[in-house]
$ cat coords.tsv   # TSV, C-alpha atoms and all ligand atoms
chain	number	residue	atom	x	y	z
A	234	MET	CA	-2.90	5.27	21.91
A	235	ILE	CA	-4.10	8.41	23.66
A	236	GLN	CA	-6.63	8.36	26.48
A	237	LEU	CA	-9.56	10.65	25.68
A	238	LYS	CA	-11.89	9.67	28.51
A	239	PRO	CA	-11.23	10.38	31.27
A	240	TYR	CA	-9.04	13.01	29.63
A	241	LYS	CA	-5.66	13.68	31.15
A	242	SER	CA	-4.75	17.24	30.27
A	243	VAL	CA	-1.21	18.53	30.70
A	244	SER	CA	-0.94	21.62	32.90
A	245	LEU	CA	-0.15	24.67	30.72
A	246	THR	CA	0.22	28.33	31.61
A	247	CYS	CA	-1.13	31.19	29.51
A	248	ARG	CA	0.95	34.30	28.68
A	249	CYS	CA	-1.19	36.22	31.17
A	250	GLY	CA	-0.07	33.88	33.92
A	251	GLY	CA	-3.42	32.11	34.19
A	252	GLY	CA	-3.80	28.36	33.86
A	253	PHE	CA	-5.42	26.68	30.88
A	254	SER	CA	-8.33	24.39	31.58
A	255	PHE	CA	-9.55	21.61	29.28
A	256	SER	CA	-12.87	22.38	27.61
A	257	GLY	CA	-13.31	19.48	25.21
A	258	ILE	CA	-12.09	17.55	22.18
A	259	LEU	CA	-12.43	19.03	18.70
A	260	TRP	CA	-12.80	16.60	15.78
A	261	GLN	CA	-11.77	18.45	12.62
A	262	GLY	CA	-10.90	15.46	10.44
A	263	LEU	CA	-7.21	14.72	10.24
A	264	HIS	CA	-6.75	16.97	13.28
A	265	VAL	CA	-8.12	15.81	16.62
A	266	CYS	CA	-7.45	18.55	19.15
A	267	GLU	CA	-7.74	19.45	22.79
A	268	ASN	CA	-9.47	22.78	23.29
A	269	LEU	CA	-8.03	24.76	26.19
A	270	VAL	CA	-9.32	28.02	27.67
A	271	CYS	CA	-7.36	30.31	29.96
A	272	GLU	CA	-9.14	30.59	33.30
A	273	LYS	CA	-7.98	34.19	33.70
A	274	CYS	CA	-8.13	35.93	30.30
A	275	GLN	CA	-10.38	33.41	28.46
A	276	SER	CA	-7.97	33.12	25.53
A	277	VAL	CA	-8.18	29.86	23.59
A	278	ARG	CA	-5.35	27.45	22.83
A	279	ILE	CA	-5.91	24.46	20.55
A	280	ASN	CA	-3.39	21.63	20.63
A	281	SER	CA	-3.38	18.94	17.99
A	282	ILE	CA	-3.29	15.54	19.69
A	283	PRO	CA	-0.34	13.43	18.46
A	284	VAL	CA	-2.24	11.01	16.24
A	285	ASN	CA	-2.20	10.55	12.45
A	286	GLN	CA	-0.05	13.25	10.78
A	287	SER	CA	0.32	15.06	14.14
A	288	ILE	CA	2.64	12.30	15.29
A	289	LEU	CA	5.11	13.71	12.77
A	290	GLU	CA	4.36	17.41	13.23
A	291	GLN	CA	2.34	18.53	16.24
A	292	TYR	CA	0.97	22.05	16.24
A	293	THR	CA	-0.62	24.52	18.64
A	294	PHE	CA	-3.13	27.01	17.26
A	295	TYR	CA	-4.23	30.29	18.82
A	296	PRO	CA	-7.48	31.18	17.00
A	297	GLU	CA	-7.61	34.80	18.23
A	298	SER	CA	-4.24	35.69	16.69
A	299	GLY	CA	-4.18	33.02	13.98
A	300	ILE	CA	-0.70	31.96	15.13
A	301	ILE	CA	0.39	28.35	14.79
A	302	ASN	CA	3.43	27.05	16.63
A	303	ASP	CA	5.28	23.77	16.50
A	304	THR	CA	6.37	21.92	19.64
A	305	GLU	CA	9.52	24.06	19.83
A	306	GLY	CA	7.41	27.22	19.88
A	307	ASN	CA	8.47	28.22	16.36
A	308	SER	CA	5.88	29.87	14.16
A	309	VAL	CA	4.51	27.64	11.39
A	310	ALA	CA	3.44	29.04	8.03
A	311	GLU	CA	0.20	27.96	6.43
A	312	ASN	CA	0.73	24.65	4.65
A	313	TRP	CA	-1.45	21.75	3.51
A	314	TYR	CA	-1.58	20.44	7.04
A	315	SER	CA	-1.73	23.58	9.21
A	316	ALA	CA	-4.50	24.96	6.96
A	317	LYS	CA	-6.88	22.31	8.30
A	318	LEU	CA	-6.11	23.41	11.85
A	319	ILE	CA	-6.80	27.03	10.90
A	320	SER	CA	-10.19	25.92	9.57
A	321	ILE	CA	-11.28	25.50	13.20
A	322	ALA	CA	-11.38	29.30	13.47
A	323	LYS	CA	-13.77	29.42	10.51
A	324	PRO	CA	-16.29	26.70	11.34
A	325	VAL	CA	-18.87	25.58	8.81
A	326	ILE	CA	-22.23	25.65	10.50
A	327	GLN	CA	-24.32	22.85	9.07
A	328	VAL	CA	-25.84	19.59	10.24
A	329	VAL	CA	-23.59	16.60	9.55
A	330	GLU	CA	-25.07	13.13	9.45
A	331	LEU	CA	-23.31	10.63	11.72
A	332	ASP	CA	-24.51	7.06	11.34
A	333	ILE	CA	-23.80	4.84	14.36
A	334	GLU	CA	-23.64	1.10	13.81
A	335	VAL	CA	-23.17	-1.01	16.93
A	336	LEU	CA	-21.92	-4.52	16.15
A	337	LYS	CA	-20.75	-5.53	19.64
A	338	LYS	CA	-21.30	-3.78	22.96
A	339	TYR	CA	-18.28	-2.59	24.90
A	340	ASP	CA	-17.80	-0.24	27.85
A	341	ASP	CA	-14.22	0.57	26.94
A	342	ILE	CA	-13.22	1.45	23.41
A	343	LEU	CA	-10.34	2.32	21.11
A	344	ILE	CA	-11.25	4.74	18.33
A	345	LEU	CA	-9.50	4.69	14.97
A	346	ASN	CA	-10.13	8.00	13.23
A	347	THR	CA	-9.77	7.75	9.44
A	348	LEU	CA	-11.35	11.11	8.54
A	349	ASP	CA	-9.26	13.06	6.07
A	350	TYR	CA	-9.56	15.22	2.98
A	351	ILE	CA	-7.46	12.81	0.88
A	352	TYR	CA	-8.58	9.29	0.00
A	353	GLY	CA	-5.10	7.80	0.28
A	354	HIS	CA	-4.57	9.16	3.79
A	355	SER	CA	-7.90	7.73	4.94
A	356	LEU	CA	-7.10	4.36	3.45
A	357	LEU	CA	-3.70	4.23	5.16
A	358	PHE	CA	-5.25	5.25	8.48
A	359	LEU	CA	-7.82	2.48	8.04
A	360	LEU	CA	-5.12	-0.11	7.43
A	361	ASN	CA	-3.92	0.57	11.00
A	362	LEU	CA	-6.71	-1.88	11.85
A	363	GLN	CA	-4.37	-4.73	10.98
A	364	ASN	CA	-2.05	-3.90	13.88
A	365	ILE	CA	-4.87	-2.99	16.24
A	366	ILE	CA	-6.62	-6.32	15.64
A	367	LYS	CA	-3.33	-8.19	15.85
A	368	SER	CA	-2.66	-6.64	19.27
A	369	GLY	CA	-5.60	-8.60	20.69
A	370	THR	CA	-6.78	-5.53	22.56
A	371	ARG	CA	-9.53	-6.01	25.15
A	372	LEU	CA	-11.02	-2.70	24.00
A	373	GLY	CA	-13.90	-2.52	21.55
A	374	ILE	CA	-12.60	-1.14	18.26
A	375	VAL	CA	-14.58	1.81	16.91
A	376	VAL	CA	-13.80	3.05	13.40
A	377	ILE	CA	-14.79	6.52	12.23
A	378	VAL	CA	-15.05	6.50	8.44
A	379	GLN	CA	-16.44	8.25	5.43
A	380	PRO	CA	-19.00	6.28	3.40
A	381	MET	CA	-16.57	5.35	0.65
A	382	MET	CA	-14.19	3.54	3.01
A	383	LYS	CA	-16.81	1.55	4.88
A	384	TRP	CA	-16.66	-1.54	2.66
A	385	LEU	CA	-13.03	-2.09	3.64
A	386	ILE	CA	-13.70	-2.57	7.35
A	387	PRO	CA	-13.40	-6.18	8.59
A	388	ARG	CA	-16.77	-6.08	10.37
A	389	ASP	CA	-16.25	-9.24	12.43
A	390	GLU	CA	-13.31	-7.63	14.16
A	391	VAL	CA	-14.76	-4.27	15.19
A	392	ALA	CA	-17.28	-3.14	17.80
A	393	GLU	CA	-18.77	-0.12	16.10
A	394	ILE	CA	-18.63	1.81	12.83
A	395	TRP	CA	-19.37	5.53	12.89
A	396	THR	CA	-19.95	6.78	9.36
A	397	VAL	CA	-19.67	10.50	8.67
A	398	ASN	CA	-21.72	11.43	5.64
A	399	LEU	CA	-19.26	13.89	4.13
A	400	GLY	CA	-17.02	13.63	1.07
A	401	PHE	CA	-13.26	13.99	1.19
A	402	GLN	CA	-13.20	17.64	0.06
A	403	SER	CA	-15.40	18.58	3.04
A	404	PHE	CA	-12.62	17.73	5.44
A	405	LYS	CA	-10.75	20.85	4.49
A	406	ASN	CA	-13.28	22.40	6.88
A	407	PHE	CA	-14.31	22.12	10.50
A	408	TYR	CA	-17.89	21.20	11.39
A	409	PRO	CA	-18.81	21.90	15.04
A	410	ASP	CA	-21.96	19.79	14.63
A	411	LEU	CA	-19.90	16.72	13.73
A	412	SER	CA	-17.44	17.38	16.54
A	413	SER	CA	-20.17	17.63	19.16
A	414	LYS	CA	-21.94	14.53	17.80
A	415	ILE	CA	-18.77	12.46	18.12
A	416	ASN	CA	-18.21	13.80	21.63
A	417	SER	CA	-21.80	12.91	22.60
A	418	GLU	CA	-21.18	9.31	21.54
A	419	LEU	CA	-18.24	9.13	23.95
A	420	ASP	CA	-20.73	9.55	26.83
A	421	ARG	CA	-21.82	5.91	26.35
A	422	PHE	CA	-18.43	4.53	27.41
A	423	ASN	CA	-16.41	4.31	30.60
A	424	THR	CA	-13.03	4.75	28.96
A	425	VAL	CA	-12.13	5.91	25.48
A	426	PHE	CA	-8.76	5.71	23.78
A	427	LEU	CA	-7.75	7.16	20.43
A	428	SER	CA	-5.49	5.12	18.16
A	429	LYS	CA	-2.25	6.67	16.94
A	430	GLY	CA	-3.47	5.96	13.39
A	431	HIS	CA	-0.03	6.02	11.83
A	432	VAL	CA	0.46	7.61	8.42
A	433	ILE	CA	2.28	4.46	7.31
A	434	PRO	CA	0.31	1.86	9.26
A	435	THR	CA	3.01	-0.74	9.72
A	436	ASN	CA	6.26	-1.94	8.25
A	437	GLU	CA	4.73	-5.39	7.90
A	438	ASN	CA	2.93	-6.41	4.74
A	439	ILE	CA	-0.78	-5.66	4.73
A	440	ASP	CA	-2.98	-8.73	4.46
A	441	ILE	CA	-5.25	-7.04	1.96
A	442	TYR	CA	-7.66	-9.99	1.73
A	443	ARG	CA	-8.72	-9.14	5.26
A	444	PHE	CA	-9.93	-5.75	4.07
A	445	THR	CA	-11.18	-6.27	0.52
A	446	GLY	CA	-12.04	-9.97	0.65
A	447	ILE	CA	-10.03	-10.40	-2.57
A	448	LYS	CA	-6.91	-12.53	-2.70
A	449	PRO	CA	-3.89	-10.93	-4.38
A	450	TYR	CA	-2.41	-12.27	-7.61
A	451	ASP	CA	-0.89	-15.72	-7.10
A	452	PHE	CA	2.06	-16.55	-9.38
A	453	SER	CA	1.72	-20.23	-8.46
A	454	ASN	CA	-1.85	-20.26	-9.71
A	455	GLU	CA	-2.01	-17.69	-12.50
A	456	PRO	CA	-5.20	-16.89	-14.38
A	457	ALA	CA	-5.55	-18.23	-17.94
A	458	LEU	CA	-5.08	-14.71	-19.27
A	459	PRO	CA	-3.03	-12.58	-16.86
A	460	GLY	CA	-3.48	-8.83	-17.07
A	461	ILE	CA	-1.19	-5.88	-17.61
A	462	THR	CA	-3.20	-2.96	-16.31
A	463	PHE	CA	-2.74	0.80	-16.46
A	464	ILE	CA	-4.18	2.64	-13.46
A	465	TRP	CA	-6.01	5.63	-14.88
A	466	ARG	CA	-6.54	9.02	-13.22
A	467	GLU	CA	-7.72	12.26	-14.76
A	468	ASP	CA	-6.98	14.77	-12.02
A	469	PRO	CA	-4.57	17.39	-13.40
A	470	ASP	CA	-1.93	16.76	-10.73
A	471	ARG	CA	-1.41	13.12	-11.63
A	472	LEU	CA	-1.53	12.86	-15.38
A	473	TRP	CA	1.09	10.83	-17.20
A	474	ILE	CA	2.71	13.92	-18.74
A	475	ARG	CA	6.51	13.96	-18.75
A	476	ASN	CA	7.07	17.71	-18.45
A	477	ILE	CA	6.20	18.76	-14.90
A	478	TYR	CA	6.24	22.48	-15.79
A	479	LEU	CA	3.77	21.94	-18.60
A	480	LEU	CA	1.56	19.97	-16.22
A	481	LYS	CA	1.73	22.58	-13.47
A	482	GLY	CA	1.23	25.47	-15.90
A	483	PHE	CA	-1.89	23.90	-17.39
A	484	LYS	CA	-3.21	23.05	-13.94
A	485	LYS	CA	-2.66	26.60	-12.69
A	486	SER	CA	-4.49	27.97	-15.72
A	487	GLY	CA	-7.38	25.61	-15.04
A	488	ILE	CA	-6.92	23.81	-18.35
A	489	GLY	CA	-5.22	20.64	-17.09
A	490	PHE	CA	-7.97	18.60	-18.75
A	491	LEU	CA	-6.49	19.54	-22.14
A	492	LEU	CA	-3.59	17.17	-21.36
A	493	ILE	CA	-5.80	14.12	-20.79
A	494	PRO	CA	-5.80	13.23	-24.54
A	495	PHE	CA	-1.99	13.03	-24.41
A	496	GLN	CA	-2.17	10.55	-21.54
A	497	PHE	CA	-4.79	8.62	-23.51
A	498	LEU	CA	-2.47	8.37	-26.53
A	499	ARG	CA	0.50	7.39	-24.39
A	500	VAL	CA	-1.45	4.53	-22.81
A	501	ILE	CA	-2.48	3.24	-26.23
A	502	LEU	CA	1.08	3.50	-27.53
A	503	LEU	CA	2.47	1.67	-24.49
A	504	PHE	CA	-0.01	-1.17	-24.89
A	505	ARG	CA	0.68	-1.38	-28.65
A	506	LEU	CA	4.40	-1.74	-27.91
A	507	LEU	CA	3.68	-4.45	-25.33
A	508	LYS	CA	1.31	-6.22	-27.69
A	509	ASN	CA	4.07	-6.30	-30.30
A	510	ILE	CA	6.11	-8.31	-27.80
A	511	PHE	CA	3.53	-10.46	-26.04
A	512	GLY	CA	0.65	-10.68	-28.54
A	513	THR	CA	-2.42	-12.21	-26.94
A	514	LYS	CA	-0.56	-13.74	-24.01
A	515	TYR	CA	-1.81	-10.93	-21.75
A	516	ALA	CA	-5.04	-9.01	-21.24
A	517	TYR	CA	-4.28	-5.31	-21.68
A	518	SER	CA	-6.53	-3.23	-19.48
A	519	VAL	CA	-7.18	0.23	-18.16
A	520	ALA	CA	-8.72	0.52	-14.71
A	521	GLY	CA	-9.27	3.28	-12.20
A	522	LEU	CA	-11.21	6.51	-12.21
A	523	GLY	CA	-12.16	8.41	-15.34
A	524	VAL	CA	-14.08	8.38	-18.58
A	525	PHE	CA	-12.00	10.11	-21.27
A	526	GLY	CA	-11.74	8.50	-24.70
A	527	ARG	CA	-12.62	5.19	-26.24
A	528	PHE	CA	-9.78	2.67	-26.30
A	529	PRO	CA	-9.11	0.32	-29.22
A	530	SER	CA	-10.75	-3.08	-28.76
A	531	PHE	CA	-7.56	-4.88	-27.69
A	532	ILE	CA	-7.53	-2.72	-24.51
A	533	LYS	CA	-10.24	-3.62	-22.01
A	534	ASP	CA	-11.72	-0.58	-20.32
A	535	HIS	CA	-12.59	-1.17	-16.65
A	536	ARG	CA	-12.61	2.48	-15.61
A	537	VAL	CA	-15.41	3.75	-13.40
A	538	LYS	CA	-17.08	7.15	-13.23
A	539	SER	CA	-17.02	7.23	-9.43
A	540	PHE	CA	-15.77	5.10	-6.61
A	541	THR	CA	-18.33	3.21	-4.55
A	542	GLY	CA	-17.87	0.10	-2.44
A	543	ASP	CA	-19.08	-2.07	-5.34
A	544	SER	CA	-17.03	-0.35	-8.04
A	545	GLU	CA	-13.87	-0.44	-5.92
A	546	LYS	CA	-14.37	-4.14	-5.21
A	547	MET	CA	-14.79	-4.82	-8.94
A	548	LEU	CA	-11.57	-2.92	-9.62
A	549	CYS	CA	-9.68	-4.82	-6.92
A	550	LYS	CA	-10.70	-8.03	-8.72
A	551	ILE	CA	-9.15	-6.65	-11.93
A	552	TYR	CA	-5.95	-5.72	-10.05
A	553	SER	CA	-5.81	-9.19	-8.49
A	554	GLU	CA	-5.89	-10.75	-11.97
A	555	SER	CA	-3.08	-8.49	-13.17
A	556	SER	CA	0.43	-9.79	-13.37
A	557	LEU	CA	1.51	-6.15	-13.41
A	558	VAL	CA	-0.10	-2.78	-12.79
A	559	ILE	CA	1.41	0.55	-13.78
A	560	GLY	CA	0.25	4.04	-12.90
A	561	VAL	CA	1.22	7.49	-11.71
A	562	HIS	CA	2.38	7.73	-8.09
A	563	GLY	CA	-0.33	8.46	-5.57
A	564	SER	CA	-3.12	7.01	-3.48
A	565	GLY	CA	-4.59	5.47	-6.62
A	566	MET	CA	-1.74	2.94	-6.54
A	567	LEU	CA	-2.36	1.61	-3.00
A	568	LEU	CA	-5.03	-1.00	-3.71
A	569	PRO	CA	-3.66	-1.92	-7.17
A	570	SER	CA	-0.18	-2.59	-5.76
A	571	ALA	CA	-1.64	-4.59	-2.87
A	572	HIS	CA	-3.51	-6.93	-5.24
A	573	ALA	CA	-1.38	-7.16	-8.39
A	574	GLY	CA	1.51	-9.51	-8.92
A	575	MET	CA	3.90	-6.65	-9.67
A	576	ALA	CA	3.61	-2.87	-9.73
A	577	ILE	CA	5.33	0.11	-11.30
A	578	SER	CA	4.74	3.54	-9.81
A	579	LEU	CA	5.62	6.44	-12.11
A	580	MET	CA	7.12	9.10	-9.85
A	581	PRO	CA	6.56	12.70	-11.01
A	582	SER	CA	9.34	15.25	-10.58
A	583	LYS	CA	9.20	17.02	-7.19
A	584	ARG	CA	7.40	14.09	-5.53
A	585	TRP	CA	10.37	11.95	-4.53
A	586	ALA	CA	9.92	12.85	-0.85
A	587	ASN	CA	6.88	10.57	-0.90
A	588	TYR	CA	8.87	7.59	-2.10
A	589	ALA	CA	7.15	4.19	-1.68
A	590	GLU	CA	4.25	5.66	0.30
A	591	ASP	CA	1.82	4.60	-2.41
A	592	ILE	CA	3.01	1.02	-2.63
A	593	LEU	CA	1.67	-1.81	-0.46
A	594	PHE	CA	4.22	-4.60	-0.50
A	595	THR	CA	3.26	-8.27	-0.57
A	596	GLU	CA	6.73	-9.83	-0.58
A	597	HIS	CA	8.67	-11.11	2.42
A	598	ASP	CA	11.88	-11.47	0.43
A	599	VAL	CA	13.57	-8.07	-0.01
A	600	ARG	CA	15.19	-8.98	-3.32
A	601	LEU	CA	11.89	-10.12	-4.74
A	602	ALA	CA	10.22	-6.98	-3.41
A	603	ALA	CA	12.82	-4.84	-5.19
A	604	PHE	CA	12.07	-6.73	-8.41
A	605	GLN	CA	8.29	-6.73	-8.19
A	606	ARG	CA	7.53	-3.23	-6.83
A	607	ARG	CA	9.36	-0.57	-8.79
A	608	ILE	CA	9.34	3.18	-8.52
A	609	VAL	CA	10.68	4.84	-11.65
A	610	PRO	CA	10.81	8.45	-12.89
A	611	LEU	CA	7.61	9.41	-14.65
A	612	ASN	CA	9.58	11.20	-17.33
A	613	LEU	CA	11.17	8.00	-18.64
A	614	CYS	CA	10.57	7.65	-22.34
A	615	ILE	CA	7.95	5.16	-23.35
A	616	SER	CA	10.37	2.65	-24.89
A	617	ASP	CA	12.32	2.49	-21.60
A	618	LEU	CA	9.09	1.79	-19.82
A	619	ARG	CA	8.18	-0.90	-22.32
A	620	ASP	CA	11.55	-2.56	-21.70
A	621	ILE	CA	11.12	-2.46	-17.92
A	622	ILE	CA	7.63	-3.98	-18.10
A	623	ALA	CA	8.68	-6.60	-20.62
A	624	ASP	CA	11.67	-7.66	-18.52
A	625	MET	CA	9.62	-7.82	-15.34
A	626	VAL	CA	6.86	-9.87	-16.91
A	627	SER	CA	9.02	-12.28	-18.86
A	628	GLY	CA	12.09	-12.33	-16.61
A	629	ARG	CA	10.55	-12.95	-13.19
A	630	THR	CA	10.90	-16.73	-13.14
A	631	TYR	CA	14.52	-16.67	-14.24
A	632	PHE	CA	15.30	-13.90	-11.78
A	633	ILE	CA	13.94	-15.98	-8.88
A	634	LYS	CA	15.83	-19.03	-10.11
A	635	LYS	CA	19.09	-17.16	-9.45
A	636	PHE	CA	18.56	-16.72	-5.74
A	637	LYS	CA	16.05	-19.35	-4.70
A	638	HIS	CA	18.29	-22.38	-4.65
A	639	SER	CA	19.46	-25.10	-2.32
A	640	GLU	CA	22.20	-22.92	-0.79
A	641	GLU	CA	24.50	-25.89	-1.47
A	642	LEU	CA	28.13	-24.95	-0.84
B	1	ZN	ZN	-4.65	34.00	29.85
$ encode --input "coords.tsv" --output "structure tokens"
Amino acid sequence: MIQLKPYKSVSLTCRCGGGFSFSGILWQGLHVCENLVCEKCQSVRINSIPVNQSILEQYTFYPESGIINDTEGNSVAENWYSAKLISIAKPVIQVVELDIEVLKKYDDILILNTLDYIYGHSLLFLLNLQNIIKSGTRLGIVVIVQPMMKWLIPRDEVAEIWTVNLGFQSFKNFYPDLSSKINSELDRFNTVFLSKGHVIPTNENIDIYRFTGIKPYDFSNEPALPGITFIWREDPDRLWIRNIYLLKGFKKSGIGFLLIPFQFLRVILLFRLLKNIFGTKYAYSVAGLGVFGRFPSFIKDHRVKSFTGDSEKMLCKIYSESSLVIGVHGSGMLLPSAHAGMAISLMPSKRWANYAEDILFTEHDVRLAAFQRRIVPLNLCISDLRDIIADMVSGRTYFIKKFKHSEEL
């Protein structure tokens, strides 16, 4: 964790020879920065504090010139991450609502910042709470969240919840009003620390019940009608379309929505193939975000138009009753994989660098984990996928029988 109050600034020298002095913390969203001003020439230097993504790539931004450097002093081009730092030079001047909820009073706190422009990042930052709580820290835990993530906070374990009333897309920008409101709150405390908020919160399994209040699928106590559930998304980047160039071309032309019917037909075909094998032994469902099309009656439609605390909780219940969930790689797979018995993530071409980042594992046994959480190429043909699902669902017990034995010599 990083100490924010009292702040311990590192001594840095400006090009003009003057010394930089600390002039405050800037809260952009996924960037939390120290704002430094040269005492001699007044030039500004903004350093991202090494938390969240900045643990992996820490940048320095000079707003006057627009230059961004990495820790080696090399110039960094504009990318998905540096762009948010650049936004500080183009602040959005508007009032941002910050709701402060005090659950327990503390003089010394540890802040977990989960603000981000992508849902999946925010969720992973939030799951850092597991390690923070486990540490038994004497500090009061303060979580900064967006409204949609609030329901996931284990309220008994935290001191305060600061809710920023902005949607995810807003965090492509910098709001000075929000930044100064957060800084004003820090005045109430003697010492303030900022959690590292790791991008992948821990290598241990996440106890998802602690966050959602819903127990994951239990193979020793299966529901009468276990589910096989497709996780639906409609955003053009993550459609179940095998040809990546077709997908990208349509997205670039702004007509990605024209491919949604193809995903719709693929889902129906997949479930028809599975129904041919398993009949009524399973509940075939679609869950997630979206509205396109009307599925045949043998497919239950649990999709929602928008995510709210209530709708997400309802969906987690569906996942927890699913023997297997399948969906396109991405943040939409985090909660499904954490609750379902087994999961298949369909990895699009060009996304392999993000391997396993969307899967929350529940297994302690590595062999079982390899069986139950699979990452396969999205461009597999549908009959291959049917075979994989069918073998996972019907072969799990026999697979376990092979390696869970008495170890007798
Ligand atoms: Zn200077």
$ closest_residue --input "coords.tsv" --among "A:Val329, A:Val270, A:Ile551, A:Ile439" --to "ligand ZN 1 (chain B)" --atoms "only C-alpha atoms and all ligand atoms"
A:Val270
$ residues_near_ligand --input "coords.tsv" --ligand "ligand ZN 1 (chain B)" --cutoff "7 Å" --atoms "all atoms listed in the file" --output "compact mmCIF listing (two decimals) with C-alpha atoms, in the coordinates of the input"
# COMPACT_ATOMS: atom_id res chain seq x y z
CA CYS A 247 -1.13 31.19 29.51
CA ARG A 248 0.95 34.30 28.68
CA CYS A 249 -1.19 36.22 31.17
CA GLY A 250 -0.07 33.88 33.92
CA GLY A 251 -3.42 32.11 34.19
CA GLY A 252 -3.80 28.36 33.86
CA CYS A 271 -7.36 30.31 29.96
CA GLU A 272 -9.14 30.59 33.30
CA LYS A 273 -7.98 34.19 33.70
CA CYS A 274 -8.13 35.93 30.30
CA GLN A 275 -10.38 33.41 28.46
CA SER A 276 -7.97 33.12 25.53
$ closest_residue --input "coords.tsv" --among "A:Asp468, A:Asp349, A:Glu297, A:Asp303" --to "Phe401 of chain A" --atoms "all atoms listed in the file"
A:Asp349
$ closest_residue --input "coords.tsv" --among "A:Lys367, A:Ser412, A:Leu362, A:Ala573" --to "Thr462 of chain A" --atoms "all atoms listed in the file"
A:Ala573
$ residues_near_point --input "coords.tsv" --point "(-18.4, -1.5, 24.6)" --cutoff "10 Å" --atoms "all atoms listed in the file" --output "number ranges by chain"
A: 335-343, 371-375, 392-393, 421-425
$ residues_around --input "coords.tsv" --residues "Phe525 of chain A" --least-positions-apart "2" --cutoff "12 Å" --atoms "all atoms listed in the file" --output "ChimeraX atom specification"
/A:465-468,490-498,519,521-523,527-528,534,536-538
$ residues_near_point --input "coords.tsv" --point "(-2.6, -10.6, -26.2)" --cutoff "12 Å" --atoms "all atoms listed in the file" --output "number ranges by chain"
A: 457-461, 504-518, 530-533
$ closest_residue --input "coords.tsv" --among "A:Asp543, A:Glu437, A:Asp624, A:Asp389" --to "His597 of chain A" --atoms "all atoms listed in the file"
A:Glu437
$ residues_around --input "coords.tsv" --residues "Tyr314 of chain A" --least-positions-apart "5" --cutoff "12 Å" --atoms "all atoms listed in the file" --output "list in words"
Gln261, Gly262, Leu263, His264, Ser281, Asn285, Gln286, Ser287, Leu289, Glu290, Gln291, Tyr292, Ile301, Val309, Ile319, Ser320, Asp349, Tyr350, Ile351, Phe404, Lys405 and Asn406 of chain A
$ write_last_selection --input "coords.tsv" --atoms "C-alpha atoms" --output "PDB file, in the frame of the given file"
ATOM      1  CA  GLN A 261     -11.770  18.450  12.620  1.00  0.00           C
ATOM      2  CA  GLY A 262     -10.900  15.460  10.440  1.00  0.00           C
ATOM      3  CA  LEU A 263      -7.210  14.720  10.240  1.00  0.00           C
ATOM      4  CA  HIS A 264      -6.750  16.970  13.280  1.00  0.00           C
ATOM      5  CA  SER A 281      -3.380  18.940  17.990  1.00  0.00           C
ATOM      6  CA  ASN A 285      -2.200  10.550  12.450  1.00  0.00           C
ATOM      7  CA  GLN A 286      -0.050  13.250  10.780  1.00  0.00           C
ATOM      8  CA  SER A 287       0.320  15.060  14.140  1.00  0.00           C
ATOM      9  CA  LEU A 289       5.110  13.710  12.770  1.00  0.00           C
ATOM     10  CA  GLU A 290       4.360  17.410  13.230  1.00  0.00           C
ATOM     11  CA  GLN A 291       2.340  18.530  16.240  1.00  0.00           C
ATOM     12  CA  TYR A 292       0.970  22.050  16.240  1.00  0.00           C
ATOM     13  CA  ILE A 301       0.390  28.350  14.790  1.00  0.00           C
ATOM     14  CA  VAL A 309       4.510  27.640  11.390  1.00  0.00           C
ATOM     15  CA  ILE A 319      -6.800  27.030  10.900  1.00  0.00           C
ATOM     16  CA  SER A 320     -10.190  25.920   9.570  1.00  0.00           C
ATOM     17  CA  ASP A 349      -9.260  13.060   6.070  1.00  0.00           C
ATOM     18  CA  TYR A 350      -9.560  15.220   2.980  1.00  0.00           C
ATOM     19  CA  ILE A 351      -7.460  12.810   0.880  1.00  0.00           C
ATOM     20  CA  PHE A 404     -12.620  17.730   5.440  1.00  0.00           C
ATOM     21  CA  LYS A 405     -10.750  20.850   4.490  1.00  0.00           C
ATOM     22  CA  ASN A 406     -13.280  22.400   6.880  1.00  0.00           C
TER      23      ASN A 406
END
$ atom_distance --input "coords.tsv" --atom1 "atom CA of Pro434 of chain A" --atom2 "atom CA of Ile394 of chain A"
19.3 Å
$ closest_residue --input "coords.tsv" --among "A:Lys546, A:Arg499, A:Asp451, A:Val277" --to "Gly574 of chain A" --atoms "only C-alpha atoms"
A:Asp451
$ closest_residue --input "coords.tsv" --among "A:Phe594, A:Phe444, A:Leu472, A:Ile321" --to "Gly563 of chain A" --atoms "only C-alpha atoms"
A:Leu472
$ residues_around --input "coords.tsv" --residues "Trp395 of chain A" --least-positions-apart "4" --cutoff "9 Å" --atoms "all atoms listed in the file" --output "ChimeraX atom specification"
/A:331-335,375-379,415
$ write_last_selection --input "coords.tsv" --atoms "C-alpha atoms" --output "CSV table (one decimal), in the coordinates of the input"
chain,number,residue,atom,x,y,z
A,331,LEU,CA,-23.3,10.6,11.7
A,332,ASP,CA,-24.5,7.1,11.3
A,333,ILE,CA,-23.8,4.8,14.4
A,334,GLU,CA,-23.6,1.1,13.8
A,335,VAL,CA,-23.2,-1.0,16.9
A,375,VAL,CA,-14.6,1.8,16.9
A,376,VAL,CA,-13.8,3.0,13.4
A,377,ILE,CA,-14.8,6.5,12.2
A,378,VAL,CA,-15.0,6.5,8.4
A,379,GLN,CA,-16.4,8.2,5.4
A,415,ILE,CA,-18.8,12.5,18.1
$ residues_around --input "coords.tsv" --residues "Thr445 of chain A" --least-positions-apart "6" --cutoff "9 Å" --atoms "all atoms listed in the file" --output "number ranges by chain"
A: 384-387, 546, 549
$ write_last_selection --input "coords.tsv" --atoms "C-alpha atoms" --output "CSV table (one decimal), in the coordinates of the input"
chain,number,residue,atom,x,y,z
A,384,TRP,CA,-16.7,-1.5,2.7
A,385,LEU,CA,-13.0,-2.1,3.6
A,386,ILE,CA,-13.7,-2.6,7.4
A,387,PRO,CA,-13.4,-6.2,8.6
A,546,LYS,CA,-14.4,-4.1,-5.2
A,549,CYS,CA,-9.7,-4.8,-6.9
